Structure formats: structure tokens, C-alpha cells
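Containing compact mmCIF, C-alpha atoms: run_21.txt.
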# COMPACT_ATOMS: atom_id res chain seq x y z
CA MET A 980 12.72 9.95 -52.39
CA GLY A 981 12.06 13.52 -51.28
CA THR A 982 14.05 15.47 -48.74
CA PRO A 983 11.72 14.91 -45.74
CA ARG A 984 11.78 11.14 -46.25
CA ARG A 985 15.54 11.19 -46.72
CA VAL A 986 15.96 13.15 -43.48
CA ALA A 987 13.60 10.72 -41.72
CA SER A 988 15.61 7.78 -43.01
CA ARG A 989 18.92 9.33 -41.89
CA LEU A 990 17.48 10.09 -38.46
CA LEU A 991 16.29 6.53 -37.90
CA GLU A 992 19.50 5.05 -39.29
CA ALA A 993 21.47 7.19 -36.83
CA LEU A 994 19.21 5.95 -34.03
CA VAL A 995 19.81 2.34 -35.06
CA ARG A 996 23.56 2.98 -34.82
CA LEU A 997 23.56 5.05 -31.63
CA ALA A 998 20.71 3.63 -29.53
CA PRO A 999 21.59 1.41 -26.57
CA ALA A 1000 21.31 -2.32 -27.20
CA GLY A 1001 17.87 -2.59 -25.56
CA SER A 1002 16.36 0.08 -27.81
CA ARG A 1003 18.13 -0.69 -31.10
CA ASP A 1004 15.58 -3.24 -32.30
CA TRP A 1005 12.82 -0.69 -31.83
CA ALA A 1006 14.69 1.89 -33.88
CA LEU A 1007 15.13 -0.74 -36.59
CA ALA A 1008 11.41 -1.53 -36.39
CA MET A 1009 10.54 2.13 -37.03
CA LEU A 1010 13.02 2.29 -39.89
CA GLY A 1011 11.46 -0.83 -41.41
CA GLU A 1012 8.07 0.87 -41.57
CA LEU A 1013 9.35 4.03 -43.20
CA ASP A 1014 8.97 2.82 -46.80
CA PHE A 1015 5.31 2.05 -46.24
CA ILE A 1016 4.30 5.43 -44.86
CA GLU A 1017 2.22 7.47 -47.24
CA GLY A 1018 3.43 11.04 -47.57
CA GLU A 1019 6.83 12.64 -47.30
CA TRP A 1020 6.09 14.82 -44.29
CA ALA A 1021 4.21 12.00 -42.59
CA SER A 1022 7.38 9.91 -42.82
CA LEU A 1023 9.40 12.69 -41.20
CA LEU A 1024 6.85 13.00 -38.39
CA TRP A 1025 6.97 9.23 -37.99
CA ALA A 1026 10.76 9.35 -37.57
CA MET A 1027 10.62 12.26 -35.15
CA GLY A 1028 7.99 10.53 -33.03
CA GLY A 1029 10.06 7.37 -33.17
CA ALA A 1030 13.17 9.25 -32.07
CA THR A 1031 11.27 10.64 -29.08
CA ALA A 1032 10.07 7.15 -28.18
CA ILE A 1033 13.58 5.68 -28.45
CA LEU A 1034 15.15 8.44 -26.38
CA GLY A 1035 12.47 8.05 -23.73
CA HIS A 1036 12.90 4.28 -23.69
CA ALA A 1037 16.69 4.55 -23.41
CA ALA A 1038 16.44 7.17 -20.65
CA LEU A 1039 13.97 5.09 -18.64
CA ALA A 1040 16.13 1.96 -19.03
CA THR A 1041 19.21 3.86 -17.83
CA LEU A 1042 17.32 5.32 -14.89
CA ALA A 1043 15.97 1.90 -13.91
CA ARG A 1044 19.48 0.43 -14.08
CA LEU A 1045 20.93 3.22 -11.92
CA LYS A 1046 18.11 2.82 -9.39
CA ARG A 1047 18.71 -0.92 -9.24
CA GLN A 1048 22.43 -0.40 -8.78
CA ALA A 1049 21.84 2.17 -6.05
CA LYS A 1050 19.40 -0.18 -4.31
CA GLU A 1051 21.80 -3.10 -4.44
CA GLY A 1052 24.72 -0.88 -3.49
CA ILE A 1053 26.76 -2.03 -6.44
CA GLY A 1054 28.64 -0.18 -9.08
CA MET A 1055 30.35 2.23 -6.72
CA ASN A 1056 32.43 1.66 -3.60
CA ASN A 1057 32.47 3.93 -0.56
CA THR A 1058 35.27 6.13 -1.87
CA GLY A 1059 33.47 6.52 -5.19
CA LYS A 1060 30.28 7.58 -3.41
CA LYS A 1061 32.20 10.17 -1.37
CA ILE A 1062 33.91 11.57 -4.46
CA MET A 1063 30.55 11.70 -6.23
CA GLY A 1064 29.01 13.51 -3.24
CA VAL A 1065 31.79 16.09 -3.05
CA SER A 1066 31.57 16.66 -6.82
CA ILE A 1067 27.81 17.18 -6.58
CA GLY A 1068 28.37 19.67 -3.76
CA VAL A 1069 30.98 21.63 -5.73
CA LEU A 1070 28.91 21.65 -8.90
CA THR A 1071 25.75 22.68 -7.06
CA ALA A 1072 27.58 25.51 -5.31
CA LEU A 1073 29.18 26.75 -8.54
CA MET A 1074 25.89 26.63 -10.40
CA LEU A 1075 24.10 28.45 -7.61
CA ALA A 1076 26.82 31.12 -7.43
CA GLY A 1077 26.68 31.55 -11.21
CA CYS A 1078 22.90 31.89 -11.18
CA LEU A 1079 22.97 34.42 -8.34
CA MET A 1080 25.61 36.54 -10.02
CA ALA A 1081 23.80 36.42 -13.34
CA THR A 1082 20.46 37.30 -11.72
CA LEU A 1083 21.90 40.29 -9.88
CA ARG A 1084 23.77 41.46 -12.99
CA ILE A 1085 20.58 41.28 -15.05
CA ALA A 1086 18.69 43.05 -12.26
CA GLY A 1087 21.35 45.77 -12.34
CA ILE A 1088 20.91 46.18 -16.09
CA LEU A 1089 17.11 46.13 -16.01
CA PHE A 1090 16.85 48.41 -13.00
CA PRO A 1091 19.80 50.80 -13.11
CA GLY A 1092 18.46 52.53 -10.01
CA LEU A 1093 19.53 49.52 -7.96
CA TYR A 1094 23.12 50.71 -8.06
CA GLY A 1095 22.24 54.12 -6.70
CA GLU A 1096 25.18 56.16 -5.56
CA HIS A 1097 27.27 53.14 -4.55
CA PRO A 1098 27.74 50.97 -7.62
CA GLY A 1099 29.96 48.49 -5.79
CA TRP A 1100 27.44 47.18 -3.30
CA LEU A 1101 25.59 45.03 -5.84
CA ASP A 1102 28.81 43.29 -6.79
CA TRP A 1103 29.61 42.56 -3.18
CA LEU A 1104 26.12 41.28 -2.64
CA ALA A 1105 26.39 39.07 -5.72
CA VAL A 1106 29.84 37.61 -5.23
CA LEU A 1107 30.15 37.52 -1.49
CA VAL A 1108 27.22 38.02 0.81
CA ILE A 1109 24.42 35.97 -0.77
CA PRO A 1110 26.47 33.00 -2.07
CA GLU A 1111 28.57 32.66 1.05
CA ALA A 1112 25.57 32.94 3.38
CA THR A 1113 23.63 30.41 1.28
CA PHE A 1114 26.52 27.97 1.14
CA ILE A 1115 27.21 28.15 4.85
CA CYS A 1116 23.52 27.50 5.60
CA ALA A 1117 23.49 24.59 3.13
CA THR A 1118 26.67 23.13 4.64
CA VAL A 1119 25.23 23.25 8.16
CA LEU A 1120 21.92 21.71 7.06
CA LEU A 1121 23.49 18.95 4.96
CA TRP A 1122 26.40 18.07 7.23
CA ARG A 1123 24.75 15.16 9.05
CA LYS A 1124 22.79 13.53 6.26
CA ARG A 1125 24.89 14.37 3.18
CA GLY A 1126 28.38 14.82 4.54
CA PRO A 1127 30.30 14.59 1.23
CA VAL A 1128 27.94 17.04 -0.50
CA ALA A 1129 28.30 19.47 2.42
CA ALA A 1130 32.08 19.09 2.24
CA GLY A 1131 31.97 19.92 -1.48
CA ILE A 1132 29.94 23.06 -0.81
CA LEU A 1133 32.27 24.06 2.03
CA ALA A 1134 35.30 23.58 -0.22
CA THR A 1135 33.70 25.87 -2.79
CA VAL A 1136 32.99 28.47 -0.10
CA LEU A 1137 36.63 28.41 0.94
CA VAL A 1138 37.88 28.67 -2.65
CA ILE A 1139 35.57 31.62 -3.39
CA ALA A 1140 36.61 33.33 -0.14
CA LEU A 1141 40.27 32.76 -0.97
CA HIS A 1142 39.74 34.10 -4.46
CA ILE A 1143 38.09 37.26 -3.12
CA GLY A 1144 40.86 37.67 -0.52
CA VAL A 1145 43.56 37.42 -3.20
CA HIS A 1146 41.58 39.84 -5.39
CA LEU A 1147 41.38 42.41 -2.57
CA ALA A 1148 45.04 42.01 -1.68
CA MET A 1149 46.04 42.61 -5.29
CA ARG A 1150 44.02 45.81 -5.40
CA MET B 118 1.08 -7.45 -13.97
CA ARG B 119 1.32 -3.67 -14.13
CA LEU B 120 0.37 -1.97 -17.37
CA ARG B 121 -1.18 1.46 -17.26
CA LEU B 122 -4.41 1.15 -19.19
CA SER B 123 -4.57 4.60 -20.71
CA PRO B 124 -7.13 5.25 -23.44
CA GLN B 125 -4.30 4.92 -26.00
CA THR B 126 -3.23 1.55 -24.58
CA LEU B 127 -6.83 0.35 -24.77
CA LEU B 128 -6.95 1.42 -28.40
CA VAL B 129 -3.84 -0.64 -29.14
CA ILE B 130 -5.29 -3.62 -27.29
CA ASP B 131 -8.46 -3.27 -29.35
CA ALA B 132 -6.45 -3.20 -32.55
CA PHE B 133 -4.63 -6.40 -31.57
CA LEU B 134 -7.85 -8.11 -30.60
CA ASP B 135 -9.14 -7.58 -34.10
CA GLN B 136 -8.01 -10.85 -35.75
CA ALA B 137 -5.82 -11.56 -32.73
CA GLU B 138 -3.96 -14.50 -34.20
CA GLU B 139 -2.52 -12.48 -37.10
CA TRP B 140 0.79 -10.65 -37.03
CA LYS B 141 0.53 -6.88 -37.31
CA TYR B 142 2.85 -4.13 -38.51
CA GLY B 143 3.60 -0.95 -36.56
CA TYR B 144 2.36 1.38 -39.27
CA ASP B 145 -0.87 -0.57 -39.70
CA LEU B 146 -1.47 -0.30 -35.96
CA SER B 147 -0.78 3.42 -36.17
CA ARG B 148 -3.36 3.86 -38.93
CA LEU B 149 -5.88 1.63 -37.21
CA THR B 150 -5.65 3.41 -33.88
CA GLY B 151 -4.84 6.91 -35.13
CA LEU B 152 -1.83 7.03 -32.78
CA LYS B 153 1.44 8.68 -33.80
CA SER B 154 4.67 6.71 -33.62
CA GLY B 155 5.77 8.63 -30.52
CA THR B 156 2.71 7.34 -28.66
CA LEU B 157 2.31 3.93 -30.25
CA TYR B 158 5.86 2.59 -29.85
CA PRO B 159 6.22 3.24 -26.11
CA ILE B 160 2.99 1.25 -25.64
CA LEU B 161 4.30 -1.58 -27.83
CA MET B 162 7.60 -1.53 -25.91
CA ARG B 163 5.86 -1.80 -22.55
CA MET B 164 3.58 -4.58 -23.76
CA ALA B 165 6.52 -6.52 -25.20
CA GLU B 166 8.56 -6.05 -22.02
CA ARG B 167 5.66 -7.44 -20.01
CA LYS B 168 5.48 -10.45 -22.35
CA LEU B 169 2.02 -9.50 -23.54
CA LEU B 170 3.29 -9.27 -27.13
CA GLU B 171 5.53 -11.51 -29.12
CA THR B 172 7.57 -9.93 -31.85
CA GLY B 173 9.09 -11.16 -35.07
CA TRP B 174 10.91 -9.90 -38.14
CA GLU B 175 9.80 -10.13 -41.73
CA SER B 176 12.65 -9.83 -44.18
CA GLY B 177 11.64 -7.96 -47.31
CA GLU B 178 13.59 -7.03 -50.40
CA PRO B 179 17.38 -7.23 -50.22
CA GLY B 180 18.88 -3.96 -49.02
CA LYS B 181 15.67 -2.95 -47.27
CA PRO B 182 15.35 -3.05 -43.48
CA PRO B 183 13.18 -5.90 -42.15
CA ARG B 184 9.72 -5.15 -40.80
CA HIS B 185 8.87 -5.76 -37.19
CA LEU B 186 5.74 -7.80 -36.50
CA TYR B 187 3.63 -8.06 -33.38
CA ARG B 188 0.88 -10.22 -32.00
CA PHE B 189 -0.47 -11.21 -28.61
CA THR B 190 1.09 -13.97 -26.57
CA ALA B 191 -1.34 -16.34 -24.89
CA GLU B 192 -0.87 -14.35 -21.69
CA GLY B 193 -1.40 -11.10 -23.57
CA LEU B 194 -4.58 -12.38 -25.12
CA ARG B 195 -5.92 -13.35 -21.71
CA PHE B 196 -4.96 -9.95 -20.34
CA ALA B 197 -6.55 -8.15 -23.27
CA ARG B 198 -9.78 -10.09 -23.09
CA THR B 199 -10.00 -9.36 -19.38
CA HIS B 200 -9.43 -5.64 -19.79
CA ALA B 201 -10.97 -4.84 -23.13
CA ALA B 202 -14.03 -7.03 -23.31
CA GLY B 203 -16.54 -4.24 -22.71
CA PRO B 204 -16.76 -1.31 -25.10
CA ARG B 205 -14.28 -2.80 -27.58
CA ALA B 206 -16.06 -2.29 -30.83
CA GLY B 207 -17.06 1.17 -29.75
CA ARG B 208 -13.58 2.63 -29.28
CA LEU B 209 -12.06 1.60 -32.59
CA GLY B 210 -15.28 2.42 -34.35
CA GLN B 211 -15.17 5.92 -32.95
CA VAL B 212 -11.56 6.36 -34.06
CA ALA B 213 -12.41 5.13 -37.54
CA LEU B 214 -15.27 7.60 -37.77
CA GLY B 215 -13.14 10.41 -36.36
CA LEU B 216 -15.47 10.81 -33.38
CA GLU B 217 -12.78 10.26 -30.77
CA GLN B 218 -9.59 12.29 -30.58
CA ALA B 219 -6.86 9.59 -30.54
Can I see the file as C-alpha cells?
Amino acid sequence: MGTPRRVASRLLEALVRLAPAGSRDWALAMLGELDFIEGEWASLLWAMGGATAILGHAALATLARLKRQAKEGIGMNNTGKKIMGVSIGVLTALMLAGCLMATLRIAGILFPGLYGEHPGWLDWLAVLVIPEATFICATVLLWRKRGPVAAGILATVLVIALHIGVHLAMR
Amino acid sequence: MRLRLSPQTLLVIDAFLDQAEEWKYGYDLSRLTGLKSGTLYPILMRMAERKLLETGWESGEPGKPPRHLYRFTAEGLRFARTHAAGPRAGRLGQVALGLEQA
């Protein structure tokens, strides 16, 4: 057995072990065919295609289950939903703040002229003005329909503002 | 019954209709239709989930994984004959001759 076939075999064996119950039989089915595939590289391609199929199948099954649970309102009580909403808000705000800061930093590196004679203004724009303005707008827009998410964003705004206040006081 | 009848799905249906009562292996279906495993197996999964296919296992040599077998259920056969009665011979023939990109 050559290396490609051995890798293919290991890949499908791992899938048999790791795949969710609903997809495991299919991984075993692909593994069962491996010995009959002509060509070493063809067997590796077979396994890689099979892995894609299994991952897709498992992802779709999980998505369908989550949709069903959401529709039936099971799996999470009211408190759980609120905690989930606040977490989503915080994570979204942090990700957005990170992206904005990174974008402005990269812009500063690519276009050094942006800094001009006042190098500090870009930092203020990145860490304070744009994120805070965006978050406050998002909080206002989401408050009625997605209260917990808006609360999460607002909490992040307050934490960032507090952080900046402490930073300024220390300086 | 919802099953998206893509050209690839029709190829698989054609392959099953060829000696419909016989069990078929995944790799043989792949060779017959020209479909890669990443395309073929999702189709087989959907057909099995919709009870159009029945599946079985063939145990081989000791220490070797069993082979999965497939064939139409009665419902699947009805479905296939309804949806693939027309240009059936043409599609697989084209694949065999390399005239159609599978």
C-alpha cells in the first residue's frame, strides 16, 4: 500500500471515528470501497471527496436540528436565550472593533500620508470615534427587536469607554 | 417528495435503473456515472433519506471493512421511472463515450 492510499485510509478511518452517528455509516461505506479503487492517487481523491461529503452531511444535519429546535422553542429557556443574545452582541462588537482597528492600522501602514502632522488622530478614530458611533447606532436600531444583542453591544461600548478613560487618566 | 433532480442526480438514477433489481456498490456507481465521491455520496445520502434507496452491507474478508450496497426501493423505482423515462439511455451513453462532462 502506497502513501496516498495509506493517507486516504487514515482519513476515512478518522471520519468513521469522529463523524456524528447519522453520518458514520456513510464514512464506513466510503472506507469499504477504498480497496477496490484503482490507483493510489485516485484513492486519496476518493477519500477527500468523501470527507467533504461527510462534513457537508454532518453540517446540514446539525443545522436542521438547530432550526427544528428553534422552531419548537426547545433546547433553551428564556434566560439561556438572553445570555446567548448578550454574548452574540459582545462578540459582534469585539469583532467589529478589532476589524476596524486592524483596517485603520493597515491603512496607516499602506498610506503613511494618512497620519500627516498629527499621528494620534488615526488612533483616536480607530479606537474611539468609529467603533463607539457604530455601536451606539447598532444599539439604538436593535433595541426593540433584539434587546439582548443590543444590551451586549452596549455593555461592550461601556467597557471600551471605561478602558479608554482609565488609559487617559493613567497618562 | 422533494429531490432536486440535478443532471448528476439523473445520472445516478439512470445508473440504478440499469438492472434495477441488483445491488450496486458506491465505486461502481462512481465509475458508471463518472461522478466523484464528493458528488455521488451526497446524492446517495439524500436518496436514502427519502427512502428511494435501500442499503445493505456485504461483509468481505475478515479485517476488511464491509461494503455498502444500494438499490431502489419500490417507491424509488416508481419515482425513477417517472422522472427518468425519457432520455435515459442517452445520458449514460454520453458519459460512457466521454461526450458529456459529468
Contacts of chain A with chain B up to 6 Å, shortest pair per row, all atoms listed in the file, as JSON lines:
{"residue": "A:Ala1008", "atom": "CA", "partner": "B:His185", "partner_atom": "CA", "distance": 5.0}
{"residue": "A:Gly1011", "atom": "CA", "partner": "B:Arg184", "partner_atom": "CA", "distance": 4.7}
{"residue": "A:Trp1025", "atom": "CA", "partner": "B:Ser154", "partner_atom": "CA", "distance": 5.5}
{"residue": "A:Gly1028", "atom": "CA", "partner": "B:Gly155", "partner_atom": "CA", "distance": 3.9}
{"residue": "A:Gly1029", "atom": "CA", "partner": "B:Gly155", "partner_atom": "CA", "distance": 5.2}
{"residue": "A:Ala1032", "atom": "CA", "partner": "B:Gly155", "partner_atom": "CA", "distance": 5.1}
Nearest-residue call for Asp131 (chain B), choices B:Leu146, B:Leu170, B:Ala165, B:Ala191, using only C-alpha atoms: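 Residue with the minimum atom-to-atom distance to Asp131 (chain B): B:Leu146.
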Gap from CA of Thr1071 (chain A) to CA of Ile1132 (chain A) - Å, one decimal: 7.5 Å
Å distance separating CA of Ile1067 (chain A) from CA of Glu1111 (chain A), one decimal place: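 Interatomic distance here is 17.3 Å.
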Atomic distance CA of Glu192 (chain B) - CA of Lys141 (chain B), expressed in Å with one decimal: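 Atom-to-atom, CA of Glu192 (chain B) to CA of Lys141 (chain B), that is 17.4 Å.
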Contact residues around region 1129-1131 of chain A with only C-alpha atoms at 12 Å, ignoring same-chain residues under 3 positions, as a PyMOL selection string: chain A and resi 1061-1073+1113-1126+1134-1138
Print the selection's residues with C-alpha atoms to a file, as a compact mmCIF listing (two decimals), in the frame of the given file.
# COMPACT_ATOMS: atom_id res chain seq x y z
CA LYS A 1061 32.20 10.17 -1.37
CA ILE A 1062 33.91 11.57 -4.46
CA MET A 1063 30.55 11.70 -6.23
CA GLY A 1064 29.01 13.51 -3.24
CA VAL A 1065 31.79 16.09 -3.05
CA SER A 1066 31.57 16.66 -6.82
CA ILE A 1067 27.81 17.18 -6.58
CA GLY A 1068 28.37 19.67 -3.76
CA VAL A 1069 30.98 21.63 -5.73
CA LEU A 1070 28.91 21.65 -8.90
CA THR A 1071 25.75 22.68 -7.06
CA ALA A 1072 27.58 25.51 -5.31
CA LEU A 1073 29.18 26.75 -8.54
CA THR A 1113 23.63 30.41 1.28
CA PHE A 1114 26.52 27.97 1.14
CA ILE A 1115 27.21 28.15 4.85
CA CYS A 1116 23.52 27.50 5.60
CA ALA A 1117 23.49 24.59 3.13
CA THR A 1118 26.67 23.13 4.64
CA VAL A 1119 25.23 23.25 8.16
CA LEU A 1120 21.92 21.71 7.06
CA LEU A 1121 23.49 18.95 4.96
CA TRP A 1122 26.40 18.07 7.23
CA ARG A 1123 24.75 15.16 9.05
CA LYS A 1124 22.79 13.53 6.26
CA ARG A 1125 24.89 14.37 3.18
CA GLY A 1126 28.38 14.82 4.54
CA ALA A 1134 35.30 23.58 -0.22
CA THR A 1135 33.70 25.87 -2.79
CA VAL A 1136 32.99 28.47 -0.10
CA LEU A 1137 36.63 28.41 0.94
CA VAL A 1138 37.88 28.67 -2.65
Which of B:Gly193, B:Trp140, B:Leu149, B:Asp135 sits closest to Arg167 (chain B) [using all atoms listed in the file]: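 Nearest to Arg167 (chain B): B:Gly193.
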At most 12 Å from (19.3, 2.5, -30.5), file frame, all atoms listed in the file: which residues, as a short mmCIF file (atom, residue, chain, number, x, y, z; two decimals) with C-alpha atoms, in the coordinates of the input?
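Written out: out-v8.cif:
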data_model
loop_
_atom_site.label_atom_id
_atom_site.label_comp_id
_atom_site.auth_asym_id
_atom_site.auth_seq_id
_atom_site.Cartn_x
_atom_site.Cartn_y
_atom_site.Cartn_z
CA LEU A 990 17.48 10.09 -38.46
CA LEU A 991 16.29 6.53 -37.90
CA GLU A 992 19.50 5.05 -39.29
CA ALA A 993 21.47 7.19 -36.83
CA LEU A 994 19.21 5.95 -34.03
CA VAL A 995 19.81 2.34 -35.06
CA ARG A 996 23.56 2.98 -34.82
CA LEU A 997 23.56 5.05 -31.63
CA ALA A 998 20.71 3.63 -29.53
CA PRO A 999 21.59 1.41 -26.57
CA ALA A 1000 21.31 -2.32 -27.20
CA GLY A 1001 17.87 -2.59 -25.56
CA SER A 1002 16.36 0.08 -27.81
CA ARG A 1003 18.13 -0.69 -31.10
CA ASP A 1004 15.58 -3.24 -32.30
CA TRP A 1005 12.82 -0.69 -31.83
CA ALA A 1006 14.69 1.89 -33.88
CA LEU A 1007 15.13 -0.74 -36.59
CA ALA A 1008 11.41 -1.53 -36.39
CA MET A 1009 10.54 2.13 -37.03
CA LEU A 1010 13.02 2.29 -39.89
CA GLY A 1029 10.06 7.37 -33.17
CA ALA A 1030 13.17 9.25 -32.07
CA THR A 1031 11.27 10.64 -29.08
CA ALA A 1032 10.07 7.15 -28.18
CA ILE A 1033 13.58 5.68 -28.45
CA LEU A 1034 15.15 8.44 -26.38
CA GLY A 1035 12.47 8.05 -23.73
CA HIS A 1036 12.90 4.28 -23.69
CA ALA A 1037 16.69 4.55 -23.41
CA ALA A 1038 16.44 7.17 -20.65
CA ALA A 1040 16.13 1.96 -19.03
#
Selected residue, from A:Leu1147, A:Leu1013, A:Trp1103, A:Leu1023, that lies nearest to Met1080 (chain A) when counting only C-alpha atoms: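 Of A:Leu1147, A:Leu1013, A:Trp1103, A:Leu1023, the one nearest Met1080 (chain A), counting only C-alpha atoms, is A:Trp1103.
Among the candidate residues A:Pro1091, A:Gly1059, A:Met980, A:Ala1043, the one lying nearest to Pro1127 (chain A) is A:Gly1059, with distances computed using all atoms listed in the file.
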